[in-house]
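Quick look at target.txt (compact mmCIF, C-alpha atoms and all ligand atoms):
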# COMPACT_ATOMS: atom_id res chain seq x y z
CA MET D 1 -50.48 -56.98 -41.89
CA HIS D 2 -49.95 -53.41 -42.93
CA VAL D 3 -47.22 -51.84 -40.78
CA LEU D 4 -45.97 -48.29 -40.42
CA ILE D 5 -42.34 -47.70 -39.41
CA THR D 6 -41.47 -44.17 -38.32
CA GLY D 7 -37.74 -43.65 -38.82
CA GLY D 8 -37.81 -46.51 -41.33
CA ALA D 9 -34.90 -45.12 -43.37
CA GLY D 10 -32.62 -45.25 -40.35
CA PHE D 11 -30.22 -48.00 -39.39
CA VAL D 12 -32.55 -50.22 -37.32
CA GLY D 13 -35.71 -49.07 -39.18
CA SER D 14 -34.43 -50.16 -42.58
CA HIS D 15 -33.50 -53.63 -41.29
CA LEU D 16 -36.94 -53.90 -39.70
CA ALA D 17 -38.63 -52.88 -42.98
CA GLU D 18 -36.66 -55.56 -44.82
CA ALA D 19 -37.57 -58.29 -42.31
CA LEU D 20 -41.26 -57.37 -42.27
CA LEU D 21 -41.41 -57.36 -46.08
CA ARG D 22 -39.71 -60.75 -46.13
CA GLN D 23 -42.50 -62.06 -43.88
CA GLY D 24 -45.13 -60.92 -46.40
CA ASN D 25 -46.35 -57.69 -44.78
CA ASN D 26 -47.16 -54.39 -46.44
CA VAL D 27 -44.67 -51.85 -45.15
CA THR D 28 -44.91 -48.05 -45.11
CA VAL D 29 -41.90 -46.04 -43.99
CA LEU D 30 -42.16 -42.47 -42.72
CA ASP D 31 -38.82 -40.68 -42.43
CA ASP D 32 -37.62 -37.09 -42.88
CA LEU D 33 -34.07 -38.30 -43.72
CA SER D 34 -32.62 -36.05 -40.99
CA THR D 35 -30.38 -38.82 -39.68
CA GLY D 36 -31.65 -41.70 -41.83
CA SER D 37 -30.68 -42.10 -45.47
CA ILE D 38 -32.53 -42.92 -48.67
CA LEU D 39 -29.63 -45.27 -49.47
CA ASN D 40 -30.79 -47.51 -46.59
CA ILE D 41 -34.11 -48.22 -48.36
CA GLN D 42 -33.02 -47.83 -51.99
CA HIS D 43 -33.09 -51.61 -52.53
CA LEU D 44 -36.66 -51.86 -51.18
CA LYS D 45 -38.18 -49.37 -53.59
CA ARG D 46 -38.84 -52.03 -56.24
CA GLU D 47 -40.94 -54.10 -53.78
CA ARG D 48 -44.65 -53.95 -54.58
CA ARG D 49 -45.61 -54.01 -50.89
CA PHE D 50 -43.28 -51.17 -49.92
CA VAL D 51 -44.20 -47.49 -49.71
CA TYR D 52 -42.06 -44.68 -48.37
CA VAL D 53 -43.10 -41.18 -47.37
CA ILE D 54 -40.42 -38.53 -46.93
CA ASP D 55 -41.92 -36.32 -44.25
CA SER D 56 -41.61 -35.47 -40.60
CA VAL D 57 -43.28 -37.53 -37.92
CA MET D 58 -44.21 -34.13 -36.46
CA HIS D 59 -46.50 -33.50 -39.44
CA ARG D 60 -49.66 -34.40 -37.61
CA ALA D 61 -52.03 -34.76 -40.60
CA VAL D 62 -49.67 -37.05 -42.53
CA LEU D 63 -48.95 -39.11 -39.42
CA ALA D 64 -52.66 -39.49 -38.59
CA GLU D 65 -53.46 -40.61 -42.13
CA LEU D 66 -50.66 -43.20 -42.17
CA ILE D 67 -51.60 -44.53 -38.74
CA ASP D 68 -55.26 -44.86 -39.83
CA GLU D 69 -54.14 -47.02 -42.75
CA CYS D 70 -51.94 -49.41 -40.77
CA ASP D 71 -52.53 -52.24 -38.28
CA ILE D 72 -49.45 -51.55 -36.17
CA VAL D 73 -46.92 -48.73 -35.72
CA TYR D 74 -43.23 -49.30 -34.99
CA HIS D 75 -42.14 -45.91 -33.67
CA LEU D 76 -38.38 -45.65 -34.19
CA ALA D 77 -38.07 -42.01 -35.32
CA ALA D 78 -35.90 -40.23 -32.77
CA ALA D 79 -32.84 -38.08 -32.27
CA VAL D 80 -30.11 -40.61 -31.41
CA GLY D 81 -26.35 -40.72 -30.96
CA VAL D 82 -24.29 -39.13 -28.19
CA ARG D 83 -22.74 -36.59 -30.62
CA LEU D 84 -26.14 -35.34 -31.80
CA VAL D 85 -27.55 -35.29 -28.29
CA VAL D 86 -24.66 -33.27 -26.87
CA ASP D 87 -24.65 -30.81 -29.81
CA SER D 88 -28.44 -30.41 -30.16
CA PRO D 89 -30.23 -30.91 -26.83
CA VAL D 90 -33.28 -28.85 -27.84
CA ARG D 91 -33.79 -30.89 -31.01
CA THR D 92 -33.32 -34.09 -28.98
CA LEU D 93 -35.93 -33.23 -26.36
CA HIS D 94 -38.37 -31.81 -28.89
CA THR D 95 -38.12 -34.64 -31.43
CA ASN D 96 -38.22 -37.45 -28.93
CA ILE D 97 -41.00 -36.25 -26.65
CA ARG D 98 -43.28 -34.44 -29.11
CA ALA D 99 -43.11 -37.11 -31.82
CA THR D 100 -43.97 -39.92 -29.42
CA GLU D 101 -46.91 -37.97 -28.04
CA LEU D 102 -48.24 -37.37 -31.58
CA VAL D 103 -47.90 -41.07 -32.43
CA LEU D 104 -49.73 -42.12 -29.26
CA GLU D 105 -52.44 -39.50 -29.76
CA ALA D 106 -53.11 -40.67 -33.33
CA ALA D 107 -53.00 -44.35 -32.28
CA LYS D 108 -55.48 -43.68 -29.45
CA LYS D 109 -58.27 -42.71 -31.85
CA LYS D 110 -58.34 -46.13 -33.54
CA LYS D 111 -56.71 -48.13 -30.73
CA LYS D 112 -53.79 -49.08 -33.00
CA LYS D 113 -50.95 -51.09 -31.53
CA VAL D 114 -47.69 -49.17 -31.05
CA LEU D 115 -44.22 -50.54 -30.39
CA ILE D 116 -41.90 -47.82 -29.12
CA THR D 117 -38.11 -48.15 -29.15
CA SER D 118 -36.51 -46.71 -26.04
CA THR D 119 -32.92 -47.15 -24.95
CA SER D 120 -30.59 -48.61 -22.34
CA GLU D 121 -29.53 -45.00 -21.79
CA VAL D 122 -32.58 -44.60 -19.50
CA TYR D 123 -30.79 -46.70 -16.83
CA GLY D 124 -28.36 -43.76 -16.69
CA LYS D 125 -25.83 -44.04 -13.89
CA ALA D 126 -27.36 -47.13 -12.27
CA THR D 127 -24.69 -49.43 -10.86
CA LYS D 128 -26.70 -52.57 -10.10
CA ILE D 129 -25.60 -54.96 -12.88
CA PRO D 130 -27.36 -56.43 -14.86
CA PHE D 131 -30.08 -53.84 -15.50
CA HIS D 132 -33.59 -55.19 -14.96
CA GLU D 133 -36.63 -53.49 -16.51
CA ASP D 134 -38.14 -52.77 -13.07
CA ASP D 135 -34.98 -51.13 -11.66
CA ASP D 136 -34.88 -47.46 -10.66
CA LEU D 137 -33.62 -45.09 -13.35
CA VAL D 138 -30.68 -42.98 -12.16
CA ILE D 139 -30.43 -39.98 -14.45
CA GLY D 140 -27.78 -37.24 -14.09
CA PRO D 141 -28.40 -33.47 -13.79
CA PRO D 142 -29.87 -31.31 -16.61
CA VAL D 143 -26.66 -29.26 -16.91
CA ARG D 144 -24.96 -32.32 -18.38
CA GLY D 145 -26.26 -32.47 -21.98
CA ARG D 146 -26.15 -36.22 -22.35
CA TRP D 147 -28.96 -36.79 -19.86
CA SER D 148 -31.50 -34.91 -21.98
CA TYR D 149 -31.58 -37.97 -24.24
CA ALA D 150 -32.08 -40.42 -21.36
CA CYS D 151 -34.73 -38.18 -19.88
CA SER D 152 -36.57 -37.68 -23.21
CA LYS D 153 -36.74 -41.44 -23.76
CA ALA D 154 -37.84 -42.05 -20.17
CA ILE D 155 -40.66 -39.54 -20.74
CA ASP D 156 -41.60 -41.48 -23.90
CA GLU D 157 -41.92 -44.59 -21.76
CA PHE D 158 -44.05 -42.78 -19.16
CA LEU D 159 -46.25 -41.39 -21.95
CA ALA D 160 -46.71 -44.83 -23.52
CA ILE D 161 -47.61 -46.49 -20.22
CA ALA D 162 -50.00 -43.60 -19.46
CA TYR D 163 -51.77 -43.92 -22.84
CA HIS D 164 -52.04 -47.66 -22.27
CA ARG D 165 -53.50 -47.39 -18.77
CA GLU D 166 -55.73 -44.38 -19.29
CA HIS D 167 -56.82 -44.80 -22.92
CA GLY D 168 -56.33 -48.50 -23.59
CA VAL D 169 -53.72 -48.03 -26.34
CA PRO D 170 -51.92 -51.39 -26.79
CA VAL D 171 -48.24 -50.41 -26.39
CA VAL D 172 -45.03 -52.43 -26.22
CA LEU D 173 -41.81 -50.76 -25.01
CA VAL D 174 -38.30 -51.95 -25.76
CA ARG D 175 -34.95 -50.71 -24.48
CA LEU D 176 -32.22 -51.28 -27.06
CA PHE D 177 -28.69 -51.93 -25.79
CA ASN D 178 -26.04 -50.70 -28.28
CA THR D 179 -27.51 -52.18 -31.46
CA VAL D 180 -24.90 -52.61 -34.19
CA GLY D 181 -24.66 -53.90 -37.76
CA PRO D 182 -24.40 -52.84 -41.39
CA ARG D 183 -25.70 -49.33 -42.29
CA GLN D 184 -25.00 -47.88 -38.86
CA THR D 185 -23.10 -44.63 -39.25
CA GLY D 186 -20.42 -43.31 -36.92
CA THR D 187 -21.42 -39.71 -37.63
CA TYR D 188 -23.41 -39.31 -34.42
CA GLY D 189 -21.03 -41.11 -32.07
CA MET D 190 -21.59 -44.88 -32.39
CA VAL D 191 -18.36 -46.59 -31.50
CA LEU D 192 -18.30 -49.74 -33.67
CA PRO D 193 -18.65 -48.18 -37.15
CA ARG D 194 -16.16 -45.52 -36.04
CA PHE D 195 -13.55 -48.05 -34.90
CA VAL D 196 -13.95 -50.24 -38.01
CA SER D 197 -13.75 -47.24 -40.39
CA GLN D 198 -10.69 -45.93 -38.58
CA ALA D 199 -9.06 -49.38 -38.70
CA LEU D 200 -9.79 -49.82 -42.42
CA ALA D 201 -8.42 -46.35 -43.19
CA GLY D 202 -5.27 -47.04 -41.15
CA SER D 203 -5.96 -43.98 -39.00
CA PRO D 204 -5.80 -43.96 -35.19
CA ILE D 205 -8.57 -45.85 -33.36
CA THR D 206 -9.85 -43.25 -30.91
CA ILE D 207 -10.89 -44.53 -27.50
CA TYR D 208 -12.66 -42.01 -25.26
CA GLY D 209 -11.64 -42.04 -21.61
CA ASP D 210 -9.42 -44.87 -20.33
CA GLY D 211 -11.35 -47.52 -22.29
CA THR D 212 -12.26 -49.59 -19.21
CA GLN D 213 -15.93 -48.66 -19.65
CA SER D 214 -17.95 -51.58 -21.02
CA ARG D 215 -20.90 -52.19 -23.31
CA CYS D 216 -22.80 -55.17 -24.76
CA PHE D 217 -23.35 -55.05 -28.53
CA GLY D 218 -26.62 -56.40 -29.94
CA TRP D 219 -26.74 -57.70 -33.52
CA VAL D 220 -29.33 -55.78 -35.55
CA GLY D 221 -30.69 -58.99 -37.12
CA ASP D 222 -31.53 -60.39 -33.66
CA VAL D 223 -32.97 -57.07 -32.55
CA VAL D 224 -35.43 -56.71 -35.45
CA GLN D 225 -36.64 -60.32 -35.05
CA ALA D 226 -37.25 -59.56 -31.38
CA LEU D 227 -39.18 -56.38 -32.27
CA ILE D 228 -41.43 -58.35 -34.63
CA LYS D 229 -42.04 -61.18 -32.15
CA LEU D 230 -42.77 -58.82 -29.25
CA SER D 231 -45.13 -56.73 -31.37
CA THR D 232 -47.30 -59.77 -32.06
CA HIS D 233 -47.05 -61.33 -28.59
CA ASP D 234 -50.20 -60.56 -26.58
CA GLY D 235 -48.38 -60.92 -23.27
CA ALA D 236 -46.00 -58.09 -24.23
CA VAL D 237 -48.64 -55.36 -24.23
CA GLY D 238 -48.11 -52.78 -21.47
CA SER D 239 -44.61 -54.10 -20.70
CA ILE D 240 -41.00 -52.98 -21.14
CA PHE D 241 -38.28 -55.30 -22.52
CA ASN D 242 -34.50 -55.07 -22.64
CA ILE D 243 -33.12 -56.19 -26.02
CA GLY D 244 -29.47 -56.78 -26.86
CA SER D 245 -26.63 -59.04 -25.92
CA ASP D 246 -25.35 -59.76 -22.43
CA GLN D 247 -21.77 -60.42 -23.61
CA GLU D 248 -19.91 -57.57 -21.89
CA VAL D 249 -16.78 -56.09 -23.46
CA THR D 250 -14.63 -53.10 -22.51
CA ILE D 251 -13.98 -50.46 -25.16
CA ASN D 252 -10.24 -51.30 -24.96
CA GLU D 253 -11.09 -54.95 -25.74
CA LEU D 254 -13.39 -53.87 -28.57
CA ALA D 255 -10.58 -51.82 -30.16
CA ALA D 256 -8.28 -54.86 -29.96
CA VAL D 257 -10.89 -57.15 -31.58
CA VAL D 258 -11.47 -54.60 -34.37
CA LYS D 259 -7.73 -54.37 -35.02
CA GLU D 260 -7.41 -58.15 -35.20
CA GLU D 261 -10.46 -58.74 -37.37
CA THR D 262 -9.56 -56.00 -39.86
CA GLY D 263 -5.84 -56.87 -39.82
CA SER D 264 -5.19 -53.17 -39.29
CA SER D 265 -1.96 -51.60 -38.10
CA SER D 266 -3.79 -48.47 -36.85
CA PRO D 267 -2.39 -47.11 -33.61
CA ILE D 268 -4.75 -46.88 -30.63
CA ARG D 269 -5.19 -43.37 -29.27
CA HIS D 270 -6.91 -42.44 -26.01
CA LEU D 271 -8.77 -39.11 -25.96
CA SER D 272 -10.24 -37.52 -22.85
CA TYR D 273 -14.04 -37.19 -22.75
CA GLU D 274 -13.52 -33.43 -22.75
CA GLU D 275 -11.58 -33.64 -26.03
CA ALA D 276 -14.30 -35.85 -27.51
CA TYR D 277 -17.50 -34.23 -26.24
CA GLY D 278 -16.53 -31.01 -24.43
CA LYS D 279 -16.80 -30.10 -20.77
CA ASP D 280 -19.12 -31.79 -18.27
CA PHE D 281 -19.56 -35.00 -20.22
CA GLU D 282 -20.43 -38.08 -18.22
CA ASP D 283 -20.16 -41.66 -19.49
CA MET D 284 -21.63 -44.86 -18.05
CA SER D 285 -18.99 -47.25 -16.83
CA ARG D 286 -20.97 -50.48 -17.36
CA ARG D 287 -24.15 -51.33 -19.18
CA VAL D 288 -25.40 -54.94 -19.19
CA PRO D 289 -29.01 -56.04 -19.78
CA ASP D 290 -30.89 -58.62 -17.75
CA LEU D 291 -32.48 -60.63 -20.58
CA SER D 292 -34.65 -62.94 -18.49
CA ARG D 293 -37.93 -61.16 -19.30
CA ILE D 294 -37.50 -61.27 -23.09
CA ARG D 295 -36.18 -64.85 -22.91
CA THR D 296 -39.32 -65.96 -21.10
CA ALA D 297 -41.65 -63.99 -23.39
CA ILE D 298 -40.32 -64.96 -26.84
CA GLY D 299 -37.38 -67.31 -26.27
CA TYR D 300 -34.91 -64.59 -27.27
CA SER D 301 -31.26 -65.46 -27.49
CA PRO D 302 -28.45 -63.56 -29.31
CA THR D 303 -27.13 -65.49 -32.32
CA LYS D 304 -23.76 -63.83 -33.05
CA SER D 305 -20.53 -63.48 -31.10
CA LEU D 306 -18.77 -60.12 -30.92
CA ARG D 307 -16.15 -61.31 -33.43
CA GLU D 308 -18.83 -62.34 -35.94
CA ILE D 309 -20.49 -58.96 -35.51
CA VAL D 310 -17.21 -57.11 -36.08
CA GLN D 311 -16.57 -59.25 -39.20
CA ALA D 312 -20.04 -58.47 -40.59
CA VAL D 313 -19.65 -54.73 -39.96
CA THR D 314 -16.19 -54.82 -41.55
CA ASP D 315 -17.56 -56.63 -44.64
CA SER D 316 -20.36 -54.08 -44.95
CA LEU D 317 -17.92 -51.18 -44.81
CA ILE D 318 -15.63 -52.77 -47.40
CA GLN D 319 -18.50 -53.75 -49.76
CA PRO D 320 -19.61 -50.21 -50.82
CA ASN D 321 -16.03 -49.45 -51.93
CA LEU D 322 -15.97 -52.69 -53.91
CA ARG D 323 -19.30 -51.78 -55.48
CA GLU D 324 -17.93 -48.37 -56.47
CA THR D 325 -14.91 -50.08 -58.00
CA GLU D 326 -17.19 -52.49 -59.90
CA ASP D 327 -19.38 -49.61 -61.08
CA ALA D 328 -16.29 -47.76 -62.19
CA SER D 329 -15.02 -50.75 -64.18
CA VAL D 330 -18.46 -51.22 -65.80
CA ALA D 331 -18.37 -47.54 -66.77
CA VAL D 332 -14.90 -47.93 -68.24
CA ASN D 333 -15.99 -51.03 -70.20
CA LEU D 334 -19.06 -49.23 -71.50
CA ALA D 335 -16.97 -46.23 -72.56
CA ALA D 336 -14.57 -48.59 -74.37
CA THR D 337 -17.47 -50.35 -76.17
CA LEU D 338 -18.98 -47.04 -77.24
CA ALA D 339 -15.60 -45.83 -78.46
CA GLN D 340 -15.24 -49.01 -80.56
CA ALA D 341 -18.78 -48.57 -81.97
CA ASP D 342 -17.90 -45.01 -83.01
N1 LIG X 401 -16.47 -44.33 -27.76
C1 LIG X 401 -15.11 -44.33 -28.03
N2 LIG X 401 -14.69 -43.85 -29.25
C2 LIG X 401 -15.55 -43.39 -30.20
C3 LIG X 401 -16.93 -43.42 -29.92
C4 LIG X 401 -17.36 -43.89 -28.69
O1 LIG X 401 -14.29 -44.75 -27.20
O2 LIG X 401 -15.09 -42.98 -31.29
C5 LIG X 401 -16.93 -44.89 -26.47
C6 LIG X 401 -17.94 -44.02 -25.73
O3 LIG X 401 -17.32 -43.05 -24.93
C7 LIG X 401 -18.69 -45.08 -24.92
C8 LIG X 401 -18.67 -46.32 -25.81
O4 LIG X 401 -17.60 -46.10 -26.73
O5 LIG X 401 -18.02 -45.36 -23.72
C9 LIG X 401 -19.95 -46.53 -26.57
O6 LIG X 401 -20.26 -45.34 -27.27
P1 LIG X 401 -21.50 -45.16 -28.23
O7 LIG X 401 -21.59 -43.70 -28.59
O8 LIG X 401 -21.41 -46.14 -29.34
O9 LIG X 401 -22.76 -45.60 -27.37
P2 LIG X 401 -23.24 -45.26 -25.88
O10 LIG X 401 -23.24 -46.59 -25.22
O11 LIG X 401 -22.30 -44.31 -25.23
O12 LIG X 401 -24.60 -44.69 -26.06
Before anything else, please render the file you have as structure tokens.
Amino acid sequence: MHVLITGGAGFVGSHLAEALLRQGNNVTVLDDLSTGSILNIQHLKRERRFVYVIDSVMHRAVLAELIDECDIVYHLAAAVGVRLVVDSPVRTLHTNIRATELVLEAAKKKKKKVLITSTSEVYGKATKIPFHEDDDLVIGPPVRGRWSYACSKAIDEFLAIAYHREHGVPVVLVRLFNTVGPRQTGTYGMVLPRFVSQALAGSPITIYGDGTQSRCFGWVGDVVQALIKLSTHDGAVGSIFNIGSDQEVTINELAAVVKEETGSSSPIRHLSYEEAYGKDFEDMSRRVPDLSRIRTAIGYSPTKSLREIVQAVTDSLIQPNLRETEDASVAVNLAATLAQAD
């Protein structure tokens, strides 16, 4: 197959590109590098079946051309991360809603299959645990910046279902629950890379609020396999799937696991939400997926425990420093050899 991944230089997108290449597909990545990074796909550039286009998904002509050429679109390009969403609500709404509409419009012409990544954020303030795909979405008021993200992704879902029902576009929708793994950056909020980096640097591990809020962390390797399986499963068309882990952990517990696994002596510091994100910020207290639908559809089951995930993220954050050290020693050796030759 020839696949197009919008947002393919991002954290999840780059892992998806890698997995699809490994399975023998031709992969084209479209990314404007606004939150993604060329470093995420650097190692794929030498692959014969890999093409990357640095451009915006909002560039209609480029998008239409790339969608014409592919068999399936994985639409991952989006404004993500609580920090980004709170700081740039206009960009969030615009990028998420407009880009998805353009993808669906271009896919409609040739009836191309589209998998759209949505988020557990759409469940908002729902309190019925675990969250099932058919539950009501309980989104907070527009004056609280965070909800613009939830709302923009909910609109994406409504758009996708509308294009499917009215125009026959084969769509698959997935709601990702706190996906984590190597290459995720803490710049836009994400708690795990932030905690691990803080622990490795020996600086305070900053917990927002009282830390009793909980999340379930999904391993990126499991998530991308699920995306691939759902995208080729006929029964998934027109449906929404939760993807992630259902192993619930409080943020206080997460900080403790990170400290243990990194062997760090960092102190733990609690910050108020106001200190972290400014006034009027609202967090979700619990977020747990009901995984029965995806289990039935593709036999999905998470493969890593939280500790294994924390270890893998820690290794990935230590590795680049090692590589720099290795590069530096190669450079020193080369300089010494050249000096001798002189
Ligand atoms: N969080 C934290 N410290 C940080 C970043 C996040 O305590 O440095 C908390 C955040 O308030 C939330 C949880 O960790 O309760 C998960 O945050 P993240 O931004 O990773 O994802 P969310 O589930 O909020 O979208």
Rounded to one decimal place, report the atom CA of Arg144 of chain D-atom CA of Phe281 of chain D distance in Å.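 Taking atom CA of Arg144 of chain D and atom CA of Phe281 of chain D, their separation equals 6.3 Å.
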Residues around (-30.3, -55.9, -30.0), cut-off 9 Å, counting only C-alpha atoms - what are they as a PyMOL selection string? chain D and resi 175-180+217-224+226+242-245+302
Any chance you can output those residues with C-alpha atoms as an mmCIF file, in the coordinates of the input?
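File selection_38.cif, as written:
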data_model
loop_
_atom_site.group_PDB
_atom_site.id
_atom_site.type_symbol
_atom_site.label_atom_id
_atom_site.label_comp_id
_atom_site.auth_asym_id
_atom_site.auth_seq_id
_atom_site.Cartn_x
_atom_site.Cartn_y
_atom_site.Cartn_z
ATOM 1 C CA ARG D 175 -34.950 -50.710 -24.480
ATOM 2 C CA LEU D 176 -32.220 -51.280 -27.060
ATOM 3 C CA PHE D 177 -28.690 -51.930 -25.790
ATOM 4 C CA ASN D 178 -26.040 -50.700 -28.280
ATOM 5 C CA THR D 179 -27.510 -52.180 -31.460
ATOM 6 C CA VAL D 180 -24.900 -52.610 -34.190
ATOM 7 C CA PHE D 217 -23.350 -55.050 -28.530
ATOM 8 C CA GLY D 218 -26.620 -56.400 -29.940
ATOM 9 C CA TRP D 219 -26.740 -57.700 -33.520
ATOM 10 C CA VAL D 220 -29.330 -55.780 -35.550
ATOM 11 C CA GLY D 221 -30.690 -58.990 -37.120
ATOM 12 C CA ASP D 222 -31.530 -60.390 -33.660
ATOM 13 C CA VAL D 223 -32.970 -57.070 -32.550
ATOM 14 C CA VAL D 224 -35.430 -56.710 -35.450
ATOM 15 C CA ALA D 226 -37.250 -59.560 -31.380
ATOM 16 C CA ASN D 242 -34.500 -55.070 -22.640
ATOM 17 C CA ILE D 243 -33.120 -56.190 -26.020
ATOM 18 C CA GLY D 244 -29.470 -56.780 -26.860
ATOM 19 C CA SER D 245 -26.630 -59.040 -25.920
ATOM 20 C CA PRO D 302 -28.450 -63.560 -29.310
#
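Near Val73 of chain D, within 6 Å and counting all atoms listed in the file, sit Val3, Leu4, Ile5 and Val114 of chain D, not including residues fewer than 4 positions from it in the same chain.
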Taking (-58.0, -49.0, -23.5) in the file's coordinates as the center, which residues reach within 12 Å of it, counting only C-alpha atoms, put as a compact mmCIF listing (two decimals) with C-alpha atoms, in the coordinates of the input?
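Now in part.txt:
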# COMPACT_ATOMS: atom_id res chain seq x y z
CA ALA D 107 -53.00 -44.35 -32.28
CA LYS D 108 -55.48 -43.68 -29.45
CA LYS D 109 -58.27 -42.71 -31.85
CA LYS D 110 -58.34 -46.13 -33.54
CA LYS D 111 -56.71 -48.13 -30.73
CA LYS D 112 -53.79 -49.08 -33.00
CA LYS D 113 -50.95 -51.09 -31.53
CA ILE D 161 -47.61 -46.49 -20.22
CA ALA D 162 -50.00 -43.60 -19.46
CA TYR D 163 -51.77 -43.92 -22.84
CA HIS D 164 -52.04 -47.66 -22.27
CA ARG D 165 -53.50 -47.39 -18.77
CA GLU D 166 -55.73 -44.38 -19.29
CA HIS D 167 -56.82 -44.80 -22.92
CA GLY D 168 -56.33 -48.50 -23.59
CA VAL D 169 -53.72 -48.03 -26.34
CA PRO D 170 -51.92 -51.39 -26.79
CA VAL D 171 -48.24 -50.41 -26.39
CA VAL D 237 -48.64 -55.36 -24.23
CA GLY D 238 -48.11 -52.78 -21.47
Using all atoms listed in the file, which protein or nucleic acid residues are at most 7 Å from ligand LIG 401 (chain X), as a ChimeraX atom specification? /D:81-82,121,178,189-192,194-195,206-209,211,213-215,251,283-284
Quick one: distance from atom CA of Arg48 of chain D to atom CA of Thr28 of chain D in Å, one decimal?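 Here the two named atoms are 11.2 Å from each other.
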Can you tell me how far atom CA of Thr250 of chain D sits from atom CA of Thr212 of chain D, in Å to one decimal?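 Calculated distance between atom CA of Thr250 of chain D and atom CA of Thr212 of chain D is 5.4 Å.
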Using all atoms listed in the file, which residue out of D:Ile67, D:Ile54, D:Val249, D:Val80 lies closest to Thr187 of chain D? D:Val80
Pick from D:Ala77, D:Ala199, D:Ile116, D:Leu230, whichever lies nearest to Ser264 of chain D using only C-alpha atoms: D:Ala199
D:Val172, D:Ala17, D:Ala64, D:Ala79: which is nearest Val51 of chain D, counting all atoms listed in the file?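 Checking each candidate against Val51 of chain D, we get D:Ala17 as the closest.
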Please, what is the axis-aligned box for every listed atom of segment 158-163 of chain D with 8 Å on each side, as centre and edge lengths in Å to one decimal, as lines of an AutoDock Vina configuration file?
center_x = -47.9
center_y = -43.9
center_z = -21.3
size_x = 23.7
size_y = 21.1
size_z = 20.4
Rank nothing, just name the residue among D:Ala78, D:Val122, D:Ala19, D:Val258 nearest to Arg98 of chain D, using all atoms listed in the file.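 Using all atoms listed in the file, Arg98 of chain D sits closest to D:Ala78.
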Judged by all atoms listed in the file, the minimum distance to Ser285 of chain D among D:Thr303, D:Gln184, D:Gln225, D:Thr127 is found for D:Thr127
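Between Ala99 of chain D and the residues D:Arg83, D:Lys229, D:His75, D:His43, the shortest atom-to-atom distance, using all atoms listed in the file, involves D:His75.
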As a PDB file with C-alpha atoms, keeping the file's coordinate frame, please: the residues near Gly24 of chain D (cut-off 10 Å, only C-alpha atoms, same-chain neighbours under 5 positions excluded).
ATOM      1  CA  MET D   1     -50.480 -56.980 -41.890  1.00  0.00           C
ATOM      2  CA  HIS D   2     -49.950 -53.410 -42.930  1.00  0.00           C
ATOM      3  CA  ALA D  19     -37.570 -58.290 -42.310  1.00  0.00           C
ATOM      4  CA  ARG D  49     -45.610 -54.010 -50.890  1.00  0.00           C
TER       5      ARG D  49
END
